[in-house]
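Encoded as structure tokens, the structure appears first; notes follow it.
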Number of protein chains: 2
Amino acid sequence: MQNANIKAANEFSVQKKKPNTFHAVDILKDMILSNKLQAGSNHLEAELASLLGMSRTPVREATLILEAQGLVSVIPRHGVKILAISPKDMTEIYQVLTELECLSAELAATKNHPDEEFSGAENAIKDMEAALLDEDLEAWAIADDRFHSELVRLGENQRVINIFDMYTDQVKRARMLTLRLRPIPTKSNEDHRKVLQAIKSGQSDVAVKVHKEHRVQAGRMLVELLEKFGLNNL
Amino acid sequence: MQNANIKAANEFSVQKKKPNTFHAVDILKDMILSNKLQAGSNHLEAELASLLGMSRTPVREATLILEAQGLVSVIPRHGVKILAISPKDMTEIYQVLTELECLSAELAATKNHPDEEFSGAENAIKDMEAALLDEDLEAWAIADDRFHSELVRLGENQRVINIFDMYTDQVKRARMLTLRLRPIPTKSNEDHRKVLQAIKSGQSDVAVKVHKEHRVQAGRMLVELLEKFGLNNL
DNA sequence: TCGCCAAATTACGTATACATTAATAAATAA
DNA sequence: TTATTTATTAATGTATACGTAATTTGGCGA
């Protein structure tokens with residue numbers, strides 16, 4: 001049974017084989033974000049190992065990585081604890097992301113990017129507008145994420161990008177859950193257009209100002225919803 | 001030879017035994033920051049394991065943690081690569097820390113901390129002034145670090161604190177090396193006093209403005225020195 | 001000499017064995 | 001019965017074994 005290395009694992013794709021450690025990171029992260037592993041619950045290494053069909057070694061390594069990313073906490077004889085996202089946590093994360101996105105907007109505005117660099121952000125905005133017309137909130141949220149991620153990319157600060165990637169999943173989780181509880185996000189689209197325009201024309205101060213306002217408001221609303229609907233144990 | 005678990009490892013201290021994994025993280029981090037492991041160099045797992053007198057398992061786990069912290073990069077058949085801090089890297093880190101410290105200043109100013117909460121920051125400033133009188137630059141740098149760390153603590157955003165902790169070592173490394181190349185930092189002390197005063201009196205905008213200016217200038221100088229003296233391979 | 005292919009080596013990824021130690025249960029004394 | 005100590009159990013931390021894949025070496029042909 002050991003070394004049950006199923007070679008022909010995936011029927012079609014030619015994807016290179018990822019080490020189990022990172023596979024475990026992906027799966028566990030997904031299970032945490034989709035709430036299959038409930039926040040607050042504890043899981044022994046052996047349990048997760050058998051759950052994922054691998055030995056403890058890669059699972060241990062995965063939990064260390066997830067711990068570094070703030071998704072779990074490893075407590076020696078009690079297993080890895082899935083951390084919750086309380087309104088306080090979300091507030092903290094939003095504060096960090098707000099500052100870093102604004103920094104990205106500022107940096108992006110000073111960089112004189114060639115026009116084609118903005119196509120990703122522009123498409124994201126277009127998709128957001130289309131999604132609103134379709135009243136497809138999921139599609140809107142996905143496009144919105146794309147815009148934010150493009151913004152950070154345009155800032156070209158790798159540290160910012162890393163931190164953004166680290167927290168973005170957790171924000172997505174909360175965002176998706178509150179998506180239908182919030183007003184139709186028409187203003188977001190306007191804001192994003194303005195920010196992008198300011199970046200393109202090199203007005204870093206305008207970009208920062210508009211985006212900061214946007215973020216502060218979005219953050220406030222999200223946290224209020226989380227508080228009202230008690231999603232902190234989700 | 002296996003299980004050479006030297007129980008009586010340390011003669012005096014009663015310190016709780018830390019798992020080797022984290023011991024390895026500490027030692028390796030220290031060796032990287034003190035340049036005993038040169039930036040750019042590659043080290044095989046087995047090499048590090050014998051260097052640290054433990055098996056590959058905890059070393060592997062340690063490298064994963066260090067990778068998450070951005071100090072090394074694990075490249076499968078080429079060992080763990082010790083990452084350098086180029087001027088570009090330092091610029092990036094400074095940009096991040098600048099924003100997050102300013103955020104902390106803003107948050108701290110809105111929190112109505114009781115006076116005794118500020119004693120740490122005040123002492124740091126006092127020590128900085130005393131160090132300047134003594135012309136003890138090392139002591140000054142240490143006190144300066146303490147001020148920044150206090151500032152972040154006062155912001156009470158755990159995510160910010162985590163990110164700060166993650167990068168602060170690397171900044172220290174560069175700071176210490178450029179300490180004697182820079183002008184006497186009298187202005188820093190003034191700036192810090194002003195920031196602290198603004199925080200205490202709840203003027204978050206002033207605190208942010210002063211601190212941002214301070215950081216931008218400090219960052220610019222540090223990066224210039226790094227460029228001039230080519231410490232990117234340190 | 002320079003490529004190129006095969007064999008050998010090496011390093012990694014992963015499973016597993018085992019020692020350690022925390023947590024739990026059991027047993028004893030007050 | 002309750003507190004305390006001891007024995008048991010279980011989970012972790014670490015070493016090690018080993019298969020696999022990448023790299024290097026050596027030989028062969030052009």
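By convention in this document, the chains of the structure tokens carry letters A, B, ... by their order, each chain's residues are numbered from 1, and ligands are numbered from 1 in the order they are shown.
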
Kindly provide, as a PDB file with N, CA and C atoms, in the first residue's frame, the residues of chain B having any atom no farther than 9 Å from an atom of chain C, counting only C-alpha atoms (C1' of nucleotides).
ATOM      1  N   ASN B   3      19.009   9.719  17.817  1.00  0.00           N
ATOM      2  CA  ASN B   3      18.466   9.991  19.135  1.00  0.00           C
ATOM      3  C   ASN B   3      19.516  10.423  20.140  1.00  0.00           C
ATOM      4  N   LEU B  44      22.192  22.309   0.205  1.00  0.00           N
ATOM      5  CA  LEU B  44      21.361  21.115   0.165  1.00  0.00           C
ATOM      6  C   LEU B  44      20.807  20.821   1.544  1.00  0.00           C
ATOM      7  N   GLU B  45      19.684  20.158   1.548  1.00  0.00           N
ATOM      8  CA  GLU B  45      19.044  19.817   2.817  1.00  0.00           C
ATOM      9  C   GLU B  45      19.990  19.039   3.712  1.00  0.00           C
ATOM     10  N   ALA B  46      20.658  18.064   3.127  1.00  0.00           N
ATOM     11  CA  ALA B  46      21.544  17.212   3.918  1.00  0.00           C
ATOM     12  C   ALA B  46      22.672  18.037   4.537  1.00  0.00           C
ATOM     13  N   PRO B  76      14.103  22.661  -5.907  1.00  0.00           N
ATOM     14  CA  PRO B  76      14.238  21.226  -5.708  1.00  0.00           C
ATOM     15  C   PRO B  76      15.605  20.586  -5.843  1.00  0.00           C
ATOM     16  N   ARG B  77      16.265  20.600  -6.895  1.00  0.00           N
ATOM     17  CA  ARG B  77      17.523  19.847  -6.918  1.00  0.00           C
ATOM     18  C   ARG B  77      18.743  20.754  -6.754  1.00  0.00           C
ATOM     19  N   HIS B  78      18.505  21.927  -6.302  1.00  0.00           N
ATOM     20  CA  HIS B  78      19.627  22.852  -6.172  1.00  0.00           C
ATOM     21  C   HIS B  78      19.758  23.398  -4.760  1.00  0.00           C
ATOM     22  N   GLY B  79      18.981  22.851  -3.870  1.00  0.00           N
ATOM     23  CA  GLY B  79      19.107  23.281  -2.480  1.00  0.00           C
ATOM     24  C   GLY B  79      18.307  24.527  -2.183  1.00  0.00           C
TER      25      GLY B  79
END

Practice prompt. Run DSSP on the backbone and give me the residues of chain A it puts in helix (DSSP H, G or I), as a PyMOL selection string.
Written response: chain A and resi 20-33+45-52+56-68+87-109+115-134+137-155+158-181+186-200+204-229+231-233

Discussion item. Would you mind listing, as an MDAnalysis selection string, all residues of chain A that have at least one atom within 12 Å of chain B, where only C-alpha atoms are what counts?
Written reply: chainID A and resid 18:19 21:22 56:71 76 88:104 106:107 155:164 166:167

Could you give me, as JSON lines, a per-residue list for chain D showing, wherever an atom lies at most 8 Å from an atom of chain B, the closest pair of atoms and their distance in Å to one decimal, using only C-alpha atoms (C1' of nucleotides) and sorting by chain then residue number from low to high?
{"residue": "D:DG13", "atom": "C1'", "partner": "B:Pro19", "partner_atom": "CA", "distance": 7.1}
{"residue": "D:DT14", "atom": "C1'", "partner": "B:Thr57", "partner_atom": "CA", "distance": 6.9}
{"residue": "D:DA15", "atom": "C1'", "partner": "B:Ser55", "partner_atom": "CA", "distance": 6.2}
{"residue": "D:DA22", "atom": "C1'", "partner": "B:Arg77", "partner_atom": "CA", "distance": 6.9}

Those same residues, written as an mmCIF file, in the first residue's frame with N, CA and C atoms (P, O5', C5', C4', C3', O3' and C1' of nucleotides)?
data_model
loop_
_atom_site.group_PDB
_atom_site.id
_atom_site.type_symbol
_atom_site.label_atom_id
_atom_site.label_comp_id
_atom_site.auth_asym_id
_atom_site.auth_seq_id
_atom_site.Cartn_x
_atom_site.Cartn_y
_atom_site.Cartn_z
ATOM 1 P P DG D 13 4.925 18.590 17.169
ATOM 2 O "O5'" DG D 13 6.318 17.827 17.220
ATOM 3 C "C5'" DG D 13 7.029 17.803 18.437
ATOM 4 C "C4'" DG D 13 8.331 17.043 18.256
ATOM 5 C "C3'" DG D 13 9.202 17.525 17.092
ATOM 6 O "O3'" DG D 13 10.541 17.534 17.583
ATOM 7 C "C1'" DG D 13 8.716 15.219 16.806
ATOM 8 P P DT D 14 11.686 18.091 16.710
ATOM 9 O "O5'" DT D 14 12.264 16.747 16.101
ATOM 10 C "C5'" DT D 14 12.871 15.830 16.994
ATOM 11 C "C4'" DT D 14 13.278 14.598 16.233
ATOM 12 C "C3'" DT D 14 14.139 14.858 15.002
ATOM 13 O "O3'" DT D 14 15.393 14.286 15.278
ATOM 14 C "C1'" DT D 14 12.464 13.218 14.587
ATOM 15 P P DA D 15 16.578 14.379 14.269
ATOM 16 O "O5'" DA D 15 16.622 12.858 13.792
ATOM 17 C "C5'" DA D 15 16.618 11.840 14.771
ATOM 18 C "C4'" DA D 15 16.501 10.473 14.124
ATOM 19 C "C3'" DA D 15 17.462 10.227 12.959
ATOM 20 O "O3'" DA D 15 18.067 8.949 13.147
ATOM 21 C "C1'" DA D 15 15.225 9.836 12.263
ATOM 22 P P DA D 22 11.982 14.980 -13.112
ATOM 23 O "O5'" DA D 22 13.357 15.737 -12.858
ATOM 24 C "C5'" DA D 22 13.545 16.375 -11.611
ATOM 25 C "C4'" DA D 22 15.021 16.482 -11.334
ATOM 26 C "C3'" DA D 22 15.835 17.090 -12.479
ATOM 27 O "O3'" DA D 22 16.686 18.059 -11.919
ATOM 28 C "C1'" DA D 22 16.758 15.011 -11.843
#

Item to complete: Using atom CA of A:Gly219 and atom CA of A:Leu133 as the two end points, give the distance in Å to one decimal.
Response: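 Separation of atom CA of A:Gly219 and atom CA of A:Leu133: 24.0 Å.
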
Fill in: Atom-to-atom span, atom CA of A:Asp205 and atom CA of B:Ser201, Å
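Those two atoms sit 26.7 Å apart.
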
Worksheet item: Quick one: residues within 7 Å of stretch 117-127 of chain B, only C-alpha atoms (C1' of nucleotides) counted, chain neighbours fewer than 4 positions away excluded, as a count of residues only?
Response: 8

Worksheet entry | Spatial neighbours of A:Leu33, 8 Å, only C-alpha atoms (C1' of nucleotides), chain gap at least 2 places, as a ChimeraX atom specification | /A:29-31,35-36,169-170,173

Would you mind exporting the chosen residues as a CSV table (one decimal), in the first residue's frame, restricted to C-alpha atoms?
chain,number,residue,atom,x,y,z
A,29,LYS,CA,-7.0,25.8,2.0
A,30,ASP,CA,-10.0,25.0,-0.3
A,31,MET,CA,-11.7,23.0,2.4
A,35,ASN,CA,-16.1,25.6,5.2
A,36,LYS,CA,-15.8,21.9,4.8
A,169,ASP,CA,-8.6,34.0,-0.2
A,170,GLN,CA,-9.9,34.8,3.2
A,173,ARG,CA,-14.7,33.7,1.6

Item to complete: Tell me, in Å to one decimal, how far atom CA of A:Leu226 is from atom CA of A:His148.
Response: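 Interatomic distance here is 21.1 Å.
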
Worksheet entry | Those of stretch 24-174 of chain B in DSSP strand (DSSP E or B), formatted as a PyMOL selection string | chain B and resi 42-43+72-75+79-82

Those selected residues, please, written with N, CA and C atoms and delivered as an mmCIF file, in the first residue's frame.
data_model
loop_
_atom_site.group_PDB
_atom_site.id
_atom_site.type_symbol
_atom_site.label_atom_id
_atom_site.label_comp_id
_atom_site.auth_asym_id
_atom_site.auth_seq_id
_atom_site.Cartn_x
_atom_site.Cartn_y
_atom_site.Cartn_z
ATOM 1 N N ASN B 42 23.644 28.385 -2.309
ATOM 2 C CA ASN B 42 22.673 27.290 -2.264
ATOM 3 C C ASN B 42 23.157 26.232 -1.284
ATOM 4 N N HIS B 43 22.208 25.647 -0.602
ATOM 5 C CA HIS B 43 22.593 24.645 0.384
ATOM 6 C C HIS B 43 21.622 23.478 0.325
ATOM 7 N N VAL B 72 14.405 32.609 2.043
ATOM 8 C CA VAL B 72 15.057 31.657 1.155
ATOM 9 C C VAL B 72 14.074 31.225 0.089
ATOM 10 N N SER B 73 14.623 30.560 -0.893
ATOM 11 C CA SER B 73 13.786 29.991 -1.935
ATOM 12 C C SER B 73 14.228 28.552 -2.101
ATOM 13 N N VAL B 74 13.274 27.647 -2.020
ATOM 14 C CA VAL B 74 13.619 26.232 -2.126
ATOM 15 C C VAL B 74 13.523 25.801 -3.578
ATOM 16 N N ILE B 75 14.636 25.413 -4.135
ATOM 17 C CA ILE B 75 14.662 24.986 -5.528
ATOM 18 C C ILE B 75 15.050 23.520 -5.566
ATOM 19 N N GLY B 79 18.981 22.851 -3.870
ATOM 20 C CA GLY B 79 19.107 23.281 -2.480
ATOM 21 C C GLY B 79 18.307 24.527 -2.183
ATOM 22 N N VAL B 80 18.374 24.952 -0.938
ATOM 23 C CA VAL B 80 17.680 26.187 -0.591
ATOM 24 C C VAL B 80 18.613 27.346 -0.887
ATOM 25 N N LYS B 81 18.071 28.309 -1.588
ATOM 26 C CA LYS B 81 18.880 29.456 -2.001
ATOM 27 C C LYS B 81 18.646 30.584 -1.021
ATOM 28 N N ILE B 82 19.724 31.108 -0.483
ATOM 29 C CA ILE B 82 19.620 32.244 0.413
ATOM 30 C C ILE B 82 19.382 33.486 -0.427
#
